[in-house]
Amino acid sequence: MLDIFPASYTDQTDTELVNAFRQGDREALEQLIRRHQMFVYNVAWKMAFNPHDAEDLAQDAWVKVITNLATFKGESEFRTWLYRIVVNHFLNVKKRPAEKMISEFGEYFGGLDSLADEVLTEEEQLQREREIEEVKVSCTAGMLLCLDREQRMIYVLGEIFDVDHKIGAEILNISSDNYRQRLVRARKDLHQWMDKKCGLVNKSNPCRCAKKTNAFVKQGWVDKDNLLFNVNYLQRINKVATSETNIGFEQTDKLYKTVYQAHPLQQPRQPDLILKNVLDHELVKSIFRL
């Protein structure tokens with residue numbers, strides 16, 4: 001099992017790899033990237049809503065990390081230092097196409113309401129299970145884009161990946177109290193809309209993933225022969241998010257948490273290509289003479 005934020009994490013391995021790389025060991029850098037690539041890529045995915053943009057974001061973030069390695073003094077855990085650079089990059093990079101299209105809860109859920117419902121038989125639901133799951137994951141991932149970037153990042157860290165509030169605060173370079181307050185606010189903003197509209201968390205809402213599947217296909221949002229969300233994964237997030245966050249936690253919030261932690265933990269389509277592109281980047285090569 002892969003645990004992105006294991007309670008048993010120690011900084012020694014990362015520090016040894018950093019020191020080895022500084023002495024010219026290219027393989028040490030490759031190991032360092034592989035150790036943290038899953039986290040970087042999956043956070044990029046949640047911020048960008050697209051595997052292609054997620055790969056570009058992750059690659060650019062790694063270049064920024066590597067070119068700043070000289071500034072790492074060991075005054076904090078390497079993991080915290082690395083994720084702070086990555087998160088700041090994701091927060092400040094120019095908006096990706098999906099962020100420009102989706103930005104407001106009312107408009108997003110209004111668009112979903114306008115899609116025609118088509119009831120599928122039980123047999124059809126079984127036959128189209130992968131497409132229905134694609135609708136579920138893509139639709140709920142799209143809801144995250146209605147949060148502003150900082151809210152989205154805090155929700156992804158604190159709610160979806162169960163990052164401890166102290167680690168989350170360090171990554172974002174804010175106080176623990178501030179982090180807690182912002183997480184509670186992000187959770188409230190998202191959950192109140194889901195409670196009014198989404199049948200996954202409130203059974204009195206009429207919206208159902210199976211009923212919207214044909215509409216998603218007709219709109220071109222789901223391609224059964226080229227799935228984007230319900231593909232390229234070995235396990236789901238709930239298998240790696242192991243430390244529960246209880247910041248302002250209400251019992252009903254578990255419903256929302258369950259929805260998002262059931263999302264796939266995405267694997268980069270070509271992880272070795274991301275690694276190669278990072279190591280072959282002209283700036284990286286010029287600094288470290290790779």
# chains A, B, ... in the order shown; residues from 1 in each chain; ligands from 1
$ residues_around --residues "Val135 of chain A" --least-positions-apart "6" --cutoff "12 Å" --atoms "only C-alpha atoms" --output "PDB file with C-alpha atoms, in the first residue's frame"
ATOM      1  CA  LEU A 112     -25.958  20.060 -14.760  1.00  0.00           C
ATOM      2  CA  ARG A 128     -22.041   0.929 -18.638  1.00  0.00           C
ATOM      3  CA  GLU A 129     -20.589   0.866 -15.143  1.00  0.00           C
ATOM      4  CA  ALA A 141     -13.912  16.813  -9.619  1.00  0.00           C
ATOM      5  CA  GLY A 142     -15.436  19.661 -11.603  1.00  0.00           C
ATOM      6  CA  CYS A 207     -29.518  14.274  -9.850  1.00  0.00           C
ATOM      7  CA  ARG A 208     -28.056  10.799 -10.435  1.00  0.00           C
ATOM      8  CA  CYS A 209     -24.852   9.914 -12.270  1.00  0.00           C
ATOM      9  CA  ALA A 210     -26.503   7.116 -14.258  1.00  0.00           C
ATOM     10  CA  LYS A 211     -29.284   9.426 -15.452  1.00  0.00           C
ATOM     11  CA  LYS A 212     -26.758  12.010 -16.679  1.00  0.00           C
ATOM     12  CA  THR A 213     -24.475   9.523 -18.440  1.00  0.00           C
ATOM     13  CA  ASN A 214     -26.043   9.752 -21.901  1.00  0.00           C
ATOM     14  CA  ALA A 215     -26.047  13.547 -21.687  1.00  0.00           C
ATOM     15  CA  PHE A 216     -22.356  13.598 -20.721  1.00  0.00           C
ATOM     16  CA  VAL A 217     -21.592  11.367 -23.702  1.00  0.00           C
ATOM     17  CA  GLN A 219     -21.865  16.676 -24.795  1.00  0.00           C
ATOM     18  CA  GLY A 220     -18.494  15.025 -25.432  1.00  0.00           C
ATOM     19  CA  TRP A 221     -17.560  15.157 -21.765  1.00  0.00           C
ATOM     20  CA  VAL A 222     -17.288  11.374 -21.567  1.00  0.00           C
ATOM     21  CA  ASP A 223     -15.735   9.234 -24.279  1.00  0.00           C
ATOM     22  CA  LYS A 224     -16.234   5.571 -23.454  1.00  0.00           C
ATOM     23  CA  LEU A 227     -11.792   7.644 -20.368  1.00  0.00           C
ATOM     24  CA  LEU A 228      -9.813  10.301 -18.512  1.00  0.00           C
ATOM     25  CA  PHE A 229     -10.806   9.869 -14.864  1.00  0.00           C
ATOM     26  CA  ASN A 230     -11.821   6.248 -14.347  1.00  0.00           C
ATOM     27  CA  HIS A 263     -11.690   8.970  -6.527  1.00  0.00           C
TER      28      HIS A 263
END
$ select_by_dssp --residues "segment 77-119 of chain A" --states "alpha helix (DSSP H)" --output "PyMOL selection string"
chain A and resi 78-92+97-101+105-114
$ residues_around --residues "segment 8-23 of chain A" --least-positions-apart "6" --cutoff "7 Å" --atoms "only C-alpha atoms" --output "list in words"
Leu29, Leu32, Glu77 and Phe78 of chain A
$ write_last_selection --atoms "N, CA, C and O atoms" --output "mmCIF file, in the first residue's frame"
data_model
loop_
_atom_site.group_PDB
_atom_site.id
_atom_site.type_symbol
_atom_site.label_atom_id
_atom_site.label_comp_id
_atom_site.auth_asym_id
_atom_site.auth_seq_id
_atom_site.Cartn_x
_atom_site.Cartn_y
_atom_site.Cartn_z
ATOM 1 N N LEU A 29 18.591 11.617 -7.764
ATOM 2 C CA LEU A 29 17.523 12.551 -8.126
ATOM 3 C C LEU A 29 16.316 11.794 -8.668
ATOM 4 O O LEU A 29 15.169 12.125 -8.340
ATOM 5 N N LEU A 32 14.439 10.388 -5.828
ATOM 6 C CA LEU A 32 13.752 11.441 -5.080
ATOM 7 C C LEU A 32 12.441 11.821 -5.772
ATOM 8 O O LEU A 32 11.395 11.962 -5.115
ATOM 9 N N GLU A 77 11.686 19.584 7.312
ATOM 10 C CA GLU A 77 11.700 18.329 6.581
ATOM 11 C C GLU A 77 11.770 18.619 5.087
ATOM 12 O O GLU A 77 11.138 19.558 4.593
ATOM 13 N N PHE A 78 12.490 17.796 4.376
ATOM 14 C CA PHE A 78 12.582 18.003 2.938
ATOM 15 C C PHE A 78 11.200 17.903 2.294
ATOM 16 O O PHE A 78 10.868 18.670 1.390
#
$ closest_residue --among "A:Val137, A:Ala241, A:Leu172, A:Val284" --to "Tyr83 of chain A" --atoms "only C-alpha atoms"
A:Leu172
$ atom_distance --atom1 "atom CA of Glu104 of chain A" --atom2 "atom CA of Met194 of chain A"
13.0 Å
$ residues_around --residues "segment 264-277 of chain A" --least-positions-apart "5" --cutoff "7 Å" --atoms "only C-alpha atoms" --output "list in words"
Asn42, Gln59, Asn230, Asn232, Tyr233, Gln235, Arg236 and Ile237 of chain A
$ write_last_selection --atoms "all heavy atoms" --output "PDB file, in the first residue's frame"
ATOM      1  N   ASN A  42      -1.024  13.898  -8.403  1.00  0.00           N
ATOM      2  CA  ASN A  42      -2.440  13.860  -8.048  1.00  0.00           C
ATOM      3  C   ASN A  42      -2.968  15.201  -7.570  1.00  0.00           C
ATOM      4  O   ASN A  42      -4.129  15.540  -7.832  1.00  0.00           O
ATOM      5  CB  ASN A  42      -2.695  12.766  -7.008  1.00  0.00           C
ATOM      6  CG  ASN A  42      -2.903  11.414  -7.654  1.00  0.00           C
ATOM      7  OD1 ASN A  42      -4.014  11.050  -8.011  1.00  0.00           O
ATOM      8  ND2 ASN A  42      -1.811  10.671  -7.836  1.00  0.00           N
ATOM      9  N   GLN A  59       5.460  18.485 -14.135  1.00  0.00           N
ATOM     10  CA  GLN A  59       6.800  18.620 -14.718  1.00  0.00           C
ATOM     11  C   GLN A  59       7.409  19.980 -14.400  1.00  0.00           C
ATOM     12  O   GLN A  59       8.573  20.083 -13.978  1.00  0.00           O
ATOM     13  CB  GLN A  59       6.702  18.428 -16.233  1.00  0.00           C
ATOM     14  CG  GLN A  59       8.023  18.530 -16.967  1.00  0.00           C
ATOM     15  CD  GLN A  59       7.856  18.247 -18.448  1.00  0.00           C
ATOM     16  OE1 GLN A  59       7.272  17.235 -18.831  1.00  0.00           O
ATOM     17  NE2 GLN A  59       8.337  19.154 -19.285  1.00  0.00           N
ATOM     18  N   ASN A 230     -11.665   7.607 -14.862  1.00  0.00           N
ATOM     19  CA  ASN A 230     -11.821   6.248 -14.347  1.00  0.00           C
ATOM     20  C   ASN A 230     -10.871   5.301 -15.078  1.00  0.00           C
ATOM     21  O   ASN A 230     -11.271   4.280 -15.643  1.00  0.00           O
ATOM     22  CB  ASN A 230     -13.272   5.797 -14.519  1.00  0.00           C
ATOM     23  CG  ASN A 230     -13.561   4.484 -13.803  1.00  0.00           C
ATOM     24  OD1 ASN A 230     -12.972   4.192 -12.769  1.00  0.00           O
ATOM     25  ND2 ASN A 230     -14.457   3.693 -14.362  1.00  0.00           N
ATOM     26  N   ASN A 232      -6.209   4.386 -15.470  1.00  0.00           N
ATOM     27  CA  ASN A 232      -4.824   4.638 -15.031  1.00  0.00           C
ATOM     28  C   ASN A 232      -4.690   4.754 -13.512  1.00  0.00           C
ATOM     29  O   ASN A 232      -4.103   5.703 -13.003  1.00  0.00           O
ATOM     30  CB  ASN A 232      -4.269   5.911 -15.687  1.00  0.00           C
ATOM     31  CG  ASN A 232      -4.019   5.748 -17.170  1.00  0.00           C
ATOM     32  OD1 ASN A 232      -3.888   4.631 -17.657  1.00  0.00           O
ATOM     33  ND2 ASN A 232      -3.970   6.848 -17.882  1.00  0.00           N
ATOM     34  N   TYR A 233      -5.229   3.793 -12.807  1.00  0.00           N
ATOM     35  CA  TYR A 233      -5.051   3.796 -11.355  1.00  0.00           C
ATOM     36  C   TYR A 233      -4.968   2.367 -10.846  1.00  0.00           C
ATOM     37  O   TYR A 233      -5.486   1.437 -11.460  1.00  0.00           O
ATOM     38  CB  TYR A 233      -6.174   4.558 -10.654  1.00  0.00           C
ATOM     39  CG  TYR A 233      -7.527   3.872 -10.693  1.00  0.00           C
ATOM     40  CD1 TYR A 233      -7.949   3.070  -9.630  1.00  0.00           C
ATOM     41  CD2 TYR A 233      -8.372   4.032 -11.785  1.00  0.00           C
ATOM     42  CE1 TYR A 233      -9.179   2.442  -9.661  1.00  0.00           C
ATOM     43  CE2 TYR A 233      -9.612   3.402 -11.828  1.00  0.00           C
ATOM     44  CZ  TYR A 233     -10.008   2.619 -10.758  1.00  0.00           C
ATOM     45  OH  TYR A 233     -11.229   1.994 -10.789  1.00  0.00           O
ATOM     46  N   GLN A 235      -5.293   1.948  -7.241  1.00  0.00           N
ATOM     47  CA  GLN A 235      -6.111   1.970  -6.041  1.00  0.00           C
ATOM     48  C   GLN A 235      -6.764   3.336  -5.917  1.00  0.00           C
ATOM     49  O   GLN A 235      -6.478   4.249  -6.692  1.00  0.00           O
ATOM     50  CB  GLN A 235      -5.261   1.683  -4.799  1.00  0.00           C
ATOM     51  CG  GLN A 235      -4.055   2.592  -4.648  1.00  0.00           C
ATOM     52  CD  GLN A 235      -3.073   2.065  -3.618  1.00  0.00           C
ATOM     53  OE1 GLN A 235      -3.295   1.039  -2.997  1.00  0.00           O
ATOM     54  NE2 GLN A 235      -1.975   2.771  -3.422  1.00  0.00           N
ATOM     55  N   ARG A 236      -7.643   3.438  -4.952  1.00  0.00           N
ATOM     56  CA  ARG A 236      -8.345   4.706  -4.759  1.00  0.00           C
ATOM     57  C   ARG A 236      -7.751   5.481  -3.585  1.00  0.00           C
ATOM     58  O   ARG A 236      -7.016   4.919  -2.770  1.00  0.00           O
ATOM     59  CB  ARG A 236      -9.845   4.462  -4.578  1.00  0.00           C
ATOM     60  CG  ARG A 236     -10.464   3.850  -5.837  1.00  0.00           C
ATOM     61  CD  ARG A 236     -11.954   3.682  -5.758  1.00  0.00           C
ATOM     62  NE  ARG A 236     -12.452   3.048  -6.988  1.00  0.00           N
ATOM     63  CZ  ARG A 236     -12.858   3.713  -8.069  1.00  0.00           C
ATOM     64  NH1 ARG A 236     -12.834   5.036  -8.073  1.00  0.00           N
ATOM     65  NH2 ARG A 236     -13.277   3.066  -9.136  1.00  0.00           N
ATOM     66  N   ILE A 237      -8.084   6.755  -3.532  1.00  0.00           N
ATOM     67  CA  ILE A 237      -7.451   7.631  -2.549  1.00  0.00           C
ATOM     68  C   ILE A 237      -7.702   7.148  -1.127  1.00  0.00           C
ATOM     69  O   ILE A 237      -6.840   7.280  -0.257  1.00  0.00           O
ATOM     70  CB  ILE A 237      -7.945   9.084  -2.736  1.00  0.00           C
ATOM     71  CG1 ILE A 237      -7.417   9.632  -4.063  1.00  0.00           C
ATOM     72  CG2 ILE A 237      -7.495   9.968  -1.581  1.00  0.00           C
ATOM     73  CD1 ILE A 237      -7.975  10.996  -4.441  1.00  0.00           C
TER      74      ILE A 237
END
$ closest_residue --among "A:Ser76, A:Asn88, A:Ala262, A:Gln127" --to "Met153 of chain A" --atoms "only C-alpha atoms"
A:Asn88
$ residues_around --residues "segment 184-186 of chain A" --least-positions-apart "4" --cutoff "12 Å" --atoms "only C-alpha atoms" --output "ChimeraX atom specification"
/A:143-159,165,177-180,190-193,245-250,253
$ atom_distance --atom1 "atom CA of His52 of chain A" --atom2 "atom CA of Leu183 of chain A"
27.8 Å
